[in-house]
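File shown: model34.tsv. Contents: TSV, C-alpha atoms.
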```tsv
chain	number	residue	atom	x	y	z
E	1	VAL	CA	310.01	221.06	104.20
E	2	VAL	CA	309.96	221.39	108.00
E	3	ASP	CA	310.87	224.63	109.78
E	4	VAL	CA	311.98	223.68	113.28
E	5	GLY	CA	310.54	226.82	114.83
E	6	ALA	CA	307.17	226.82	113.05
E	7	GLY	CA	303.97	226.20	114.97
E	8	ASP	CA	303.03	223.31	112.69
E	9	ALA	CA	306.48	221.67	112.81
E	10	ALA	CA	305.29	218.50	114.61
E	11	ALA	CA	302.39	218.02	112.18
E	12	ARG	CA	304.74	218.45	109.21
E	13	VAL	CA	307.24	215.96	110.67
E	14	ALA	CA	304.44	213.43	111.21
E	15	ARG	CA	303.17	213.80	107.64
E	16	ALA	CA	306.65	213.63	106.09
E	17	ALA	CA	307.82	210.69	108.23
E	18	GLU	CA	304.66	208.72	107.47
E	19	GLN	CA	304.52	209.48	103.74
E	20	TRP	CA	308.18	209.79	102.77
E	21	GLY	CA	310.42	208.74	105.66
E	22	ALA	CA	312.41	211.92	105.01
E	23	PHE	CA	312.14	215.71	104.89
E	24	LEU	CA	314.14	218.89	104.38
E	25	LEU	CA	314.88	220.65	107.67
E	26	VAL	CA	315.25	224.45	107.79
E	27	GLY	CA	315.20	227.01	110.60
E	28	HIS	CA	317.52	224.72	112.57
E	29	GLY	CA	319.87	227.39	113.89
E	30	VAL	CA	323.14	225.87	112.66
E	31	PRO	CA	325.06	228.88	111.26
E	32	ALA	CA	325.40	228.99	107.46
E	33	ALA	CA	329.02	230.10	107.82
E	34	LEU	CA	329.79	226.94	109.82
E	35	LEU	CA	328.17	224.72	107.19
E	36	SER	CA	330.26	226.41	104.50
E	37	ARG	CA	333.44	225.75	106.48
E	38	VAL	CA	332.43	222.11	107.00
E	39	GLU	CA	331.94	221.60	103.26
E	40	GLU	CA	335.28	223.29	102.55
E	41	ARG	CA	337.12	221.01	105.02
E	42	VAL	CA	335.42	217.88	103.65
E	43	ALA	CA	336.49	218.79	100.11
E	44	ARG	CA	340.01	219.36	101.39
E	45	VAL	CA	340.19	215.82	102.83
E	46	PHE	CA	339.32	214.24	99.49
E	47	SER	CA	341.68	216.51	97.56
E	48	LEU	CA	344.66	215.00	99.38
E	49	PRO	CA	346.95	212.73	97.31
E	50	ALA	CA	345.85	209.10	97.23
E	51	SER	CA	349.01	208.01	99.06
E	52	GLU	CA	348.11	210.24	102.02
E	53	LYS	CA	344.48	209.11	102.14
E	54	MET	CA	345.59	205.47	102.06
E	55	ARG	CA	347.37	205.99	105.39
E	56	ALA	CA	343.92	206.04	106.96
E	57	VAL	CA	342.34	203.25	104.90
E	58	ARG	CA	339.61	201.33	106.73
E	59	GLY	CA	340.63	197.73	107.38
E	60	PRO	CA	338.24	194.74	107.26
E	61	GLY	CA	335.76	195.04	110.11
E	62	GLU	CA	336.95	198.50	111.13
E	63	PRO	CA	334.16	201.06	111.57
E	64	CYS	CA	336.27	204.17	110.91
E	65	GLY	CA	338.72	205.37	108.30
E	66	TYR	CA	339.04	206.12	104.58
E	67	GLY	CA	337.58	204.03	101.77
E	68	SER	CA	334.29	203.00	100.22
E	69	PRO	CA	331.10	203.70	102.18
E	70	PRO	CA	330.59	201.13	105.00
E	71	ILE	CA	327.38	199.94	103.30
E	72	SER	CA	329.48	198.81	100.30
E	73	SER	CA	330.76	195.76	102.22
E	74	PHE	CA	327.32	194.19	101.74
E	75	PHE	CA	327.39	194.48	97.93
E	76	SER	CA	329.53	193.04	95.15
E	77	LYS	CA	329.22	196.09	92.87
E	78	LEU	CA	331.68	198.94	93.30
E	79	MET	CA	330.41	202.50	93.83
E	80	TRP	CA	331.63	205.73	92.24
E	81	SER	CA	332.57	207.44	95.48
E	82	GLU	CA	335.11	207.84	98.26
E	83	GLY	CA	334.26	208.05	101.93
E	84	TYR	CA	335.68	208.74	105.37
E	85	THR	CA	333.97	207.63	108.59
E	86	PHE	CA	334.78	208.79	112.12
E	87	SER	CA	333.24	209.04	115.54
E	88	PRO	CA	333.15	212.58	116.95
E	89	SER	CA	334.17	211.17	120.33
E	90	SER	CA	337.55	210.05	118.92
E	91	LEU	CA	337.93	212.69	116.21
E	92	ARG	CA	341.44	213.96	117.01
E	93	SER	CA	343.02	210.52	117.45
E	94	GLU	CA	341.28	209.12	114.36
E	95	LEU	CA	342.34	211.99	112.10
E	96	ARG	CA	345.99	211.61	113.11
E	97	ARG	CA	345.92	208.59	110.80
E	98	LEU	CA	345.34	211.01	107.94
E	99	TRP	CA	347.60	213.79	109.26
E	100	PRO	CA	350.20	212.01	111.46
E	101	LYS	CA	352.24	215.21	111.90
E	102	SER	CA	349.22	217.30	112.81
E	103	GLY	CA	349.60	220.64	110.96
E	104	ASP	CA	347.18	223.35	109.86
E	105	ASP	CA	344.82	221.10	107.85
E	106	TYR	CA	344.47	218.73	110.80
E	107	LEU	CA	343.79	221.51	113.29
E	108	LEU	CA	341.33	223.31	111.02
E	109	PHE	CA	339.43	220.10	110.27
E	110	CYS	CA	339.19	219.08	113.93
E	111	ASP	CA	338.18	222.55	115.13
E	112	VAL	CA	335.43	222.83	112.51
E	113	MET	CA	334.11	219.31	113.10
E	114	GLU	CA	334.03	219.73	116.88
E	115	GLU	CA	332.02	222.93	116.48
E	116	PHE	CA	329.73	221.16	113.99
E	117	HIS	CA	329.25	218.17	116.33
E	118	LYS	CA	328.26	220.45	119.20
E	119	GLU	CA	325.60	222.13	117.03
E	120	MET	CA	324.34	218.80	115.66
E	121	ARG	CA	323.95	217.19	119.08
E	122	ARG	CA	321.83	220.14	120.15
E	123	LEU	CA	319.77	219.81	116.98
E	124	ALA	CA	319.46	216.03	117.35
E	125	ASP	CA	317.96	216.42	120.83
E	126	GLU	CA	315.57	219.08	119.51
E	127	LEU	CA	314.52	216.91	116.58
E	128	LEU	CA	313.99	213.86	118.80
E	129	ARG	CA	311.55	215.86	120.92
E	130	LEU	CA	309.84	217.01	117.72
E	131	PHE	CA	309.53	213.41	116.51
E	132	LEU	CA	307.95	212.37	119.81
E	133	ARG	CA	305.50	215.28	119.62
E	134	ALA	CA	304.75	214.19	116.06
E	135	LEU	CA	303.67	210.82	117.48
E	136	GLY	CA	301.01	212.72	119.41
E	137	LEU	CA	302.76	212.94	122.79
E	138	THR	CA	302.31	216.02	124.95
E	139	GLY	CA	305.27	217.93	126.32
E	140	GLU	CA	304.84	216.16	129.66
E	141	GLU	CA	304.68	212.74	127.98
E	142	VAL	CA	307.80	213.53	125.91
E	143	ALA	CA	309.66	214.36	129.13
E	144	GLY	CA	308.38	211.13	130.69
E	145	VAL	CA	309.58	209.00	127.76
E	146	GLU	CA	313.02	210.61	127.91
E	147	ALA	CA	313.25	210.18	131.69
E	148	GLU	CA	312.34	206.49	131.43
E	149	ARG	CA	314.10	205.48	128.20
E	150	ARG	CA	316.93	208.10	128.07
E	151	ILE	CA	316.85	207.92	124.26
E	152	GLY	CA	318.35	211.34	123.63
E	153	GLU	CA	320.80	211.17	126.51
E	154	ARG	CA	322.28	207.90	125.26
E	155	MET	CA	322.23	208.56	121.51
E	156	THR	CA	325.56	208.05	119.78
E	157	ALA	CA	326.82	209.91	116.71
E	158	THR	CA	328.87	208.81	113.70
E	159	VAL	CA	329.97	211.05	110.81
E	160	HIS	CA	330.46	209.79	107.26
E	161	LEU	CA	331.96	212.07	104.61
E	162	ASN	CA	331.22	211.38	100.94
E	163	TRP	CA	332.96	212.48	97.76
E	164	TYR	CA	331.31	211.72	94.41
E	165	PRO	CA	333.74	212.60	91.60
E	166	ARG	CA	332.40	213.52	88.18
E	167	CYS	CA	331.77	210.38	86.13
E	168	PRO	CA	332.29	209.99	82.35
E	169	GLU	CA	329.33	207.58	82.08
E	170	PRO	CA	326.93	208.44	84.92
E	171	ARG	CA	324.13	206.17	83.68
E	172	ARG	CA	326.39	203.17	84.21
E	173	ALA	CA	327.40	203.99	87.78
E	174	LEU	CA	325.94	204.74	91.21
E	175	GLY	CA	327.62	206.85	93.86
E	176	LEU	CA	325.80	205.00	96.62
E	177	ILE	CA	323.60	201.94	96.17
E	178	ALA	CA	319.97	201.92	97.33
E	179	HIS	CA	319.64	201.22	101.05
E	180	THR	CA	318.02	202.36	104.28
E	181	ASP	CA	320.02	203.71	107.22
E	182	SER	CA	320.16	201.31	110.16
E	183	GLY	CA	320.06	203.74	113.10
E	184	PHE	CA	317.51	206.24	114.44
E	185	PHE	CA	317.79	209.15	112.00
E	186	THR	CA	320.40	210.85	109.84
E	187	PHE	CA	321.11	214.47	109.00
E	188	VAL	CA	322.50	214.82	105.47
E	189	LEU	CA	324.35	217.97	104.49
E	190	GLN	CA	324.79	218.07	100.73
E	191	SER	CA	326.49	220.55	98.45
E	192	LEU	CA	324.45	222.43	95.87
E	193	VAL	CA	325.11	219.67	93.33
E	194	PRO	CA	322.02	217.41	93.56
E	195	GLY	CA	322.41	213.65	93.63
E	196	LEU	CA	320.42	212.22	96.54
E	197	GLN	CA	317.29	210.32	95.51
E	198	LEU	CA	314.46	208.80	97.59
E	199	PHE	CA	312.36	205.80	96.61
E	200	ARG	CA	308.65	206.52	96.25
E	201	ARG	CA	305.81	204.02	95.80
E	202	GLY	CA	302.68	204.42	93.66
E	203	PRO	CA	304.01	204.49	90.98
E	204	ASP	CA	307.41	203.12	91.92
E	205	ARG	CA	310.08	205.70	91.08
E	206	TRP	CA	313.18	207.53	92.31
E	207	VAL	CA	312.63	211.16	93.32
E	208	ALA	CA	315.50	213.67	93.35
E	209	VAL	CA	315.93	215.63	96.57
E	210	PRO	CA	316.54	219.30	95.74
E	211	ALA	CA	319.83	220.75	96.93
E	212	VAL	CA	318.68	223.65	99.13
E	213	ALA	CA	321.34	225.93	100.60
E	214	GLY	CA	321.50	225.64	104.39
E	215	ALA	CA	318.94	222.81	104.64
E	216	PHE	CA	319.52	219.34	106.07
E	217	VAL	CA	317.89	216.27	104.61
E	218	VAL	CA	316.60	214.12	107.48
E	219	ASN	CA	316.25	210.38	106.79
E	220	VAL	CA	314.37	208.06	109.14
E	221	GLY	CA	316.38	204.90	109.90
E	222	ASP	CA	315.35	201.32	110.56
E	223	LEU	CA	315.71	201.42	114.35
E	224	PHE	CA	313.51	204.53	114.51
E	225	HIS	CA	311.03	202.67	112.29
E	226	ILE	CA	311.01	199.98	115.01
E	227	LEU	CA	310.85	202.53	117.86
E	228	THR	CA	307.75	204.13	116.33
E	229	ASN	CA	306.18	200.72	115.57
E	230	GLY	CA	306.44	201.39	111.83
E	231	ARG	CA	304.45	204.63	111.89
E	232	PHE	CA	307.51	206.65	110.84
E	233	HIS	CA	309.07	204.50	108.15
E	234	SER	CA	312.68	204.26	107.07
E	235	VAL	CA	313.38	205.42	103.54
E	236	TYR	CA	315.24	203.75	100.69
E	237	HIS	CA	317.68	206.22	99.20
E	238	ARG	CA	320.65	206.28	96.85
E	239	ALA	CA	323.15	208.74	95.38
E	240	VAL	CA	323.63	209.25	91.65
E	241	VAL	CA	326.62	210.88	89.99
E	242	ASN	CA	326.94	213.30	87.08
E	243	ARG	CA	329.32	214.00	84.24
E	244	ASP	CA	330.18	217.64	84.90
E	245	ARG	CA	330.54	218.31	88.62
E	246	ASP	CA	331.96	216.71	91.75
E	247	ARG	CA	329.61	216.41	94.72
E	248	VAL	CA	330.22	216.47	98.47
E	249	SER	CA	327.90	215.29	101.23
E	250	LEU	CA	328.10	214.56	104.94
E	251	GLY	CA	325.93	212.15	106.90
E	252	TYR	CA	325.54	212.68	110.65
E	253	PHE	CA	324.09	209.40	111.94
E	254	LEU	CA	322.29	209.05	115.28
E	255	GLY	CA	321.55	205.75	116.96
E	256	PRO	CA	321.43	203.95	120.29
E	257	PRO	CA	324.45	202.65	122.22
E	258	PRO	CA	325.33	199.05	121.34
E	259	ASP	CA	323.92	197.57	124.56
E	260	ALA	CA	320.52	199.30	124.36
E	261	GLU	CA	317.50	197.27	123.26
E	262	VAL	CA	315.24	199.11	120.83
E	263	ALA	CA	311.56	198.18	120.92
E	264	PRO	CA	308.36	199.96	119.90
E	265	LEU	CA	307.35	202.71	122.32
E	266	PRO	CA	304.09	201.79	124.07
E	267	GLU	CA	302.77	205.21	123.05
E	268	ALA	CA	303.26	204.24	119.37
E	269	VAL	CA	301.37	200.92	119.58
E	270	PRO	CA	297.61	201.23	118.94
E	271	ALA	CA	295.34	200.25	121.83
E	272	GLY	CA	294.52	196.56	121.82
E	273	ARG	CA	297.39	195.72	119.44
E	274	SER	CA	300.73	194.03	120.03
E	275	PRO	CA	304.03	195.65	119.01
E	276	ALA	CA	304.85	195.05	115.34
E	277	TYR	CA	308.56	194.44	116.03
E	278	ARG	CA	310.57	192.55	118.61
E	279	ALA	CA	313.26	194.24	120.70
E	280	VAL	CA	316.77	194.29	119.20
E	281	THR	CA	320.11	195.89	119.94
E	282	TRP	CA	321.91	197.71	117.15
E	283	PRO	CA	324.59	194.96	116.76
E	284	GLU	CA	321.85	192.30	116.68
E	285	TYR	CA	320.00	194.25	114.01
E	286	MET	CA	323.17	194.68	111.94
E	287	ALA	CA	323.65	190.89	111.96
E	288	VAL	CA	320.07	190.47	110.73
E	289	ARG	CA	320.67	193.17	108.11
E	290	LYS	CA	323.77	191.37	106.84
E	291	LYS	CA	321.71	188.22	106.36
E	292	ALA	CA	318.97	190.23	104.61
E	293	PHE	CA	321.45	191.77	102.15
E	294	ALA	CA	322.80	188.30	101.34
E	295	THR	CA	319.35	186.87	100.63
E	296	GLY	CA	317.65	189.90	99.09
E	297	GLY	CA	315.18	190.03	101.96
E	298	SER	CA	314.13	192.71	104.43
E	299	ALA	CA	315.82	193.06	107.80
E	300	LEU	CA	312.72	194.75	109.19
E	301	LYS	CA	310.64	191.79	108.04
E	302	MET	CA	313.01	189.46	109.89
E	303	VAL	CA	312.41	191.24	113.21
E	304	SER	CA	308.71	191.81	112.64
E	305	THR	CA	305.97	190.16	114.69
E	306	ASP	CA	303.26	191.44	112.33
E	307	ALA	CA	302.76	189.40	109.15
E	308	ALA	CA	301.02	192.21	107.24
E	309	ALA	CA	303.72	194.75	108.07
E	310	ALA	CA	306.39	192.20	107.15
E	311	ALA	CA	304.82	191.62	103.74
E	312	ASP	CA	304.80	195.38	103.08
E	313	GLU	CA	308.49	195.63	104.01
E	314	HIS	CA	309.40	192.79	101.64
E	315	ASP	CA	307.45	194.49	98.83
E	316	ASP	CA	309.40	197.73	99.40
E	317	VAL	CA	312.75	195.92	99.17
E	318	ALA	CA	311.77	194.18	95.94
E	319	ALA	CA	310.35	197.32	94.35
E	320	ALA	CA	313.39	199.45	95.18
E	321	ALA	CA	315.67	196.79	93.72
E	322	ASP	CA	313.64	196.61	90.50
E	323	VAL	CA	313.43	200.34	89.73
E	324	HIS	CA	316.65	201.49	88.07
E	325	ALA	CA	315.65	204.62	86.15
```

Let me see whether you can do it: turn the structure in this file into structure tokens.
Amino acid sequence: VVDVGAGDAAARVARAAEQWGAFLLVGHGVPAALLSRVEERVARVFSLPASEKMRAVRGPGEPCGYGSPPISSFFSKLMWSEGYTFSPSSLRSELRRLWPKSGDDYLLFCDVMEEFHKEMRRLADELLRLFLRALGLTGEEVAGVEAERRIGERMTATVHLNWYPRCPEPRRALGLIAHTDSGFFTFVLQSLVPGLQLFRRGPDRWVAVPAVAGAFVVNVGDLFHILTNGRFHSVYHRAVVNRDRDRVSLGYFLGPPPDAEVAPLPEAVPAGRSPAYRAVTWPEYMAVRKKAFATGGSALKMVSTDAAAAADEHDDVAAAADVHA
């Protein structure tokens, strides 16, 4: 657990990002009442009749809209969930697909999500600075990195809503298959019905993330793994379903613009060593990731320049795939 305002916040982020690739974030300043309204509006979207939701169905190759989670396109198995993806920058035009005549539900959803996006962008910038301090940078060095690389200034946001209906045979289904996020980092807001699990080595197992009121789960993504030269590692995670209760979650994904090359920060590369990963743009990395999913390999291994690190990444992929319980 990391409290944003605590004196040891940077040390806690460093420990969590190195050992787990994830942590629970509290003390973030996003009002509890707003989070409650967000969850209420998300549930309302998925309670709409199927015929209305299908108006906004995501077509092949489309990044936004209603349907299965975007990650599902890489897998043959179906998942016990519904999803809706949108970019906050085109929120009102995108949601007219769902509510073509506007109306109260449309206006309430857009108002709440715009307020939420404003709070999350503030928090994302604050967390980015905290991550850089966790790498051991001073306040002056953090400002220098941002001035030179403009990481926070250019970060883009995508929102994915998830609905996991109750399942009559939960042991035979997954709400979301095991994967890592591709971008920088993700804030996950989950209802008080647990279901998110993280993969943990030694011994290999899936660990349930507790559903804590008002807390965000923060997951490190693959491009942040590259940016920090593998010091802060991306985390394999999945969502399980249950027999008795529906579950709602929201992922707020941060990443670079499509034209930005992501490479290890010089400050993250040990003296006398070469960077462990080559520079990639997000679209280039997604193409590598697609190939990795098809072959059962590791996308991070494919962009690695370090044989030892690459072997570790391949081991993680294989272990996560093998552990089902």

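Using only C-alpha atoms, the nearest neighbour of Glu148 (chain E) within the list E:Arg289, E:Leu265, E:Ala213, E:Tyr252 is E:Leu265.
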
With region 82-103 of chain E as the partner and 10 Å as the cut-off, tabulate the residues of region 199-295 of chain E that qualify, each row holding the nearest pair of atoms and their distance in Å to one decimal, using only C-alpha atoms, sorted by chain and rising number, as CSV.
```
residue,atom,partner,partner_atom,distance
E:Val248,CA,E:Glu82,CA,9.9
E:Ser249,CA,E:Gly83,CA,9.7
E:Leu250,CA,E:Gly83,CA,9.5
E:Gly251,CA,E:Thr85,CA,9.4
E:Tyr252,CA,E:Ser87,CA,9.8
E:Phe253,CA,E:Ser87,CA,9.8
```

What does the distance from CA of Leu127 (chain E) to CA of Asp306 (chain E) come to in Å, to one decimal?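 Atom-to-atom, CA of Leu127 (chain E) to CA of Asp306 (chain E), that is 28.2 Å.
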
Write out as CSV the residues of region 162-218 of chain E that have any atom within 10 Å of an atom of region 276-286 of chain E, one row each with the nearest atom pair and its distance in Å to one decimal, counting all atoms listed in the file, sorted by chain and then rising number.
```
residue,atom,partner,partner_atom,distance
E:Ser182,CA,E:Met286,CA,7.5
E:Gly183,CA,E:Trp282,CA,7.5
E:Phe184,CA,E:Trp282,CA,10.0
```

CA of Thr180 (chain E) to CA of Asp125 (chain E): how many Å, to one decimal? 21.7 Å

Top pick for closest residue to Arg122 (chain E), considering E:His28, E:His237, E:Arg154, E:Lys301 and counting only C-alpha atoms: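 So, comparing all the options, the nearest one is E:His28.
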
Would you please work out which residue, of E:Glu115, E:Met302, E:Asp8, E:Arg245, is nearest to Arg37 (chain E) when using all atoms listed in the file?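 Smallest distance to Arg37 (chain E) is found for E:Glu115.
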
Quick check, in Å to one decimal: how far apart do CA of Arg149 (chain E) and CA of Ala22 (chain E) lie?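 Those two atoms sit 24.1 Å apart.
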
Of the candidates E:Arg205, E:Tyr164, E:Trp20, E:Leu227, which one gets nearest to Ile151 (chain E) if we count only C-alpha atoms?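 The shortest atom-to-atom distance to Ile151 (chain E) comes from E:Leu227.
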
With all heavy atoms as the target, complete region 75-86 of chain E and hand it back as a CSV table (one decimal), keeping the file's coordinate frame.
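Result went into result.csv, see below:
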```csv
chain,number,residue,atom,x,y,z
E,75,PHE,N,327.7,194.6,99.4
E,75,PHE,CA,327.4,194.5,97.9
E,75,PHE,C,328.6,194.1,97.1
E,75,PHE,O,329.7,194.5,97.5
E,75,PHE,CB,326.8,195.8,97.4
E,75,PHE,CG,325.5,196.2,98.1
E,75,PHE,CD1,325.5,197.1,99.2
E,75,PHE,CD2,324.3,195.7,97.7
E,75,PHE,CE1,324.4,197.4,99.8
E,75,PHE,CE2,323.1,196.0,98.4
E,75,PHE,CZ,323.2,196.9,99.4
E,76,SER,N,328.4,193.4,96.0
E,76,SER,CA,329.5,193.0,95.2
E,76,SER,C,329.9,194.1,94.2
E,76,SER,O,331.0,194.2,93.7
E,76,SER,CB,329.2,191.8,94.4
E,76,SER,OG,328.0,192.0,93.6
E,77,LYS,N,329.0,195.0,93.8
E,77,LYS,CA,329.2,196.1,92.9
E,77,LYS,C,330.0,197.2,93.5
E,77,LYS,O,329.7,197.6,94.7
E,77,LYS,CB,327.9,196.6,92.3
E,77,LYS,CG,327.2,195.6,91.4
E,77,LYS,CD,325.9,196.2,90.8
E,77,LYS,CE,325.2,195.2,89.9
E,77,LYS,NZ,324.0,195.7,89.3
E,78,LEU,N,330.9,197.8,92.8
E,78,LEU,CA,331.7,198.9,93.3
E,78,LEU,C,330.9,200.2,93.1
E,78,LEU,O,330.0,200.3,92.2
E,78,LEU,CB,333.0,199.1,92.6
E,78,LEU,CG,334.0,197.9,92.8
E,78,LEU,CD1,335.2,198.1,91.9
E,78,LEU,CD2,334.4,197.7,94.2
E,79,MET,N,331.1,201.2,93.9
E,79,MET,CA,330.4,202.5,93.8
E,79,MET,C,331.4,203.6,93.5
E,79,MET,O,332.5,203.6,93.8
E,79,MET,CB,329.7,202.8,95.2
E,79,MET,CG,328.8,201.6,95.6
E,79,MET,SD,328.0,201.9,97.1
E,79,MET,CE,327.6,200.2,97.6
E,80,TRP,N,330.8,204.6,92.7
E,80,TRP,CA,331.6,205.7,92.2
E,80,TRP,C,331.7,206.8,93.3
E,80,TRP,O,331.1,207.9,93.2
E,80,TRP,CB,331.0,206.3,91.0
E,80,TRP,CG,331.9,207.1,90.1
E,80,TRP,CD1,332.1,208.5,90.3
E,80,TRP,CD2,332.8,206.7,89.1
E,80,TRP,NE1,333.0,208.9,89.4
E,80,TRP,CE2,333.5,207.9,88.6
E,80,TRP,CE3,333.1,205.5,88.5
E,80,TRP,CZ2,334.4,207.8,87.6
E,80,TRP,CZ3,334.0,205.4,87.5
E,80,TRP,CH2,334.6,206.6,87.0
E,81,SER,N,332.5,206.5,94.4
E,81,SER,CA,332.6,207.4,95.5
E,81,SER,C,333.7,207.1,96.4
E,81,SER,O,334.3,206.0,96.3
E,81,SER,CB,331.3,207.4,96.3
E,81,SER,OG,331.0,206.2,96.8
E,82,GLU,N,334.2,208.0,97.2
E,82,GLU,CA,335.1,207.8,98.3
E,82,GLU,C,334.4,208.3,99.6
E,82,GLU,O,333.5,209.1,99.5
E,82,GLU,CB,336.4,208.7,98.1
E,82,GLU,CG,337.1,208.4,96.8
E,82,GLU,CD,338.3,209.4,96.6
E,82,GLU,OE1,338.9,209.8,97.7
E,82,GLU,OE2,338.6,209.8,95.5
E,83,GLY,N,334.9,207.7,100.7
E,83,GLY,CA,334.3,208.0,101.9
E,83,GLY,C,335.3,208.1,103.1
E,83,GLY,O,336.4,207.6,103.0
E,84,TYR,N,334.9,208.7,104.1
E,84,TYR,CA,335.7,208.7,105.4
E,84,TYR,C,334.7,208.7,106.5
E,84,TYR,O,333.8,209.6,106.6
E,84,TYR,CB,336.6,209.9,105.5
E,84,TYR,CG,337.8,209.7,106.4
E,84,TYR,CD1,339.1,209.6,106.0
E,84,TYR,CD2,337.5,209.6,107.8
E,84,TYR,CE1,340.1,209.4,106.8
E,84,TYR,CE2,338.6,209.3,108.7
E,84,TYR,CZ,339.9,209.3,108.2
E,84,TYR,OH,340.9,209.0,109.1
E,85,THR,N,334.9,207.8,107.4
E,85,THR,CA,334.0,207.6,108.6
E,85,THR,C,334.8,207.9,109.9
E,85,THR,O,335.9,207.4,110.0
E,85,THR,CB,333.4,206.2,108.6
E,85,THR,OG1,332.7,205.9,107.4
E,85,THR,CG2,332.3,206.1,109.8
E,86,PHE,N,334.2,208.6,110.8
E,86,PHE,CA,334.8,208.8,112.1
E,86,PHE,C,333.7,209.0,113.2
E,86,PHE,O,332.6,209.4,112.9
E,86,PHE,CB,335.8,210.0,112.1
E,86,PHE,CG,335.2,211.3,111.8
E,86,PHE,CD1,334.7,212.1,112.9
E,86,PHE,CD2,335.2,211.8,110.5
E,86,PHE,CE1,334.1,213.3,112.6
E,86,PHE,CE2,334.6,213.1,110.3
E,86,PHE,CZ,334.1,213.8,111.3
```
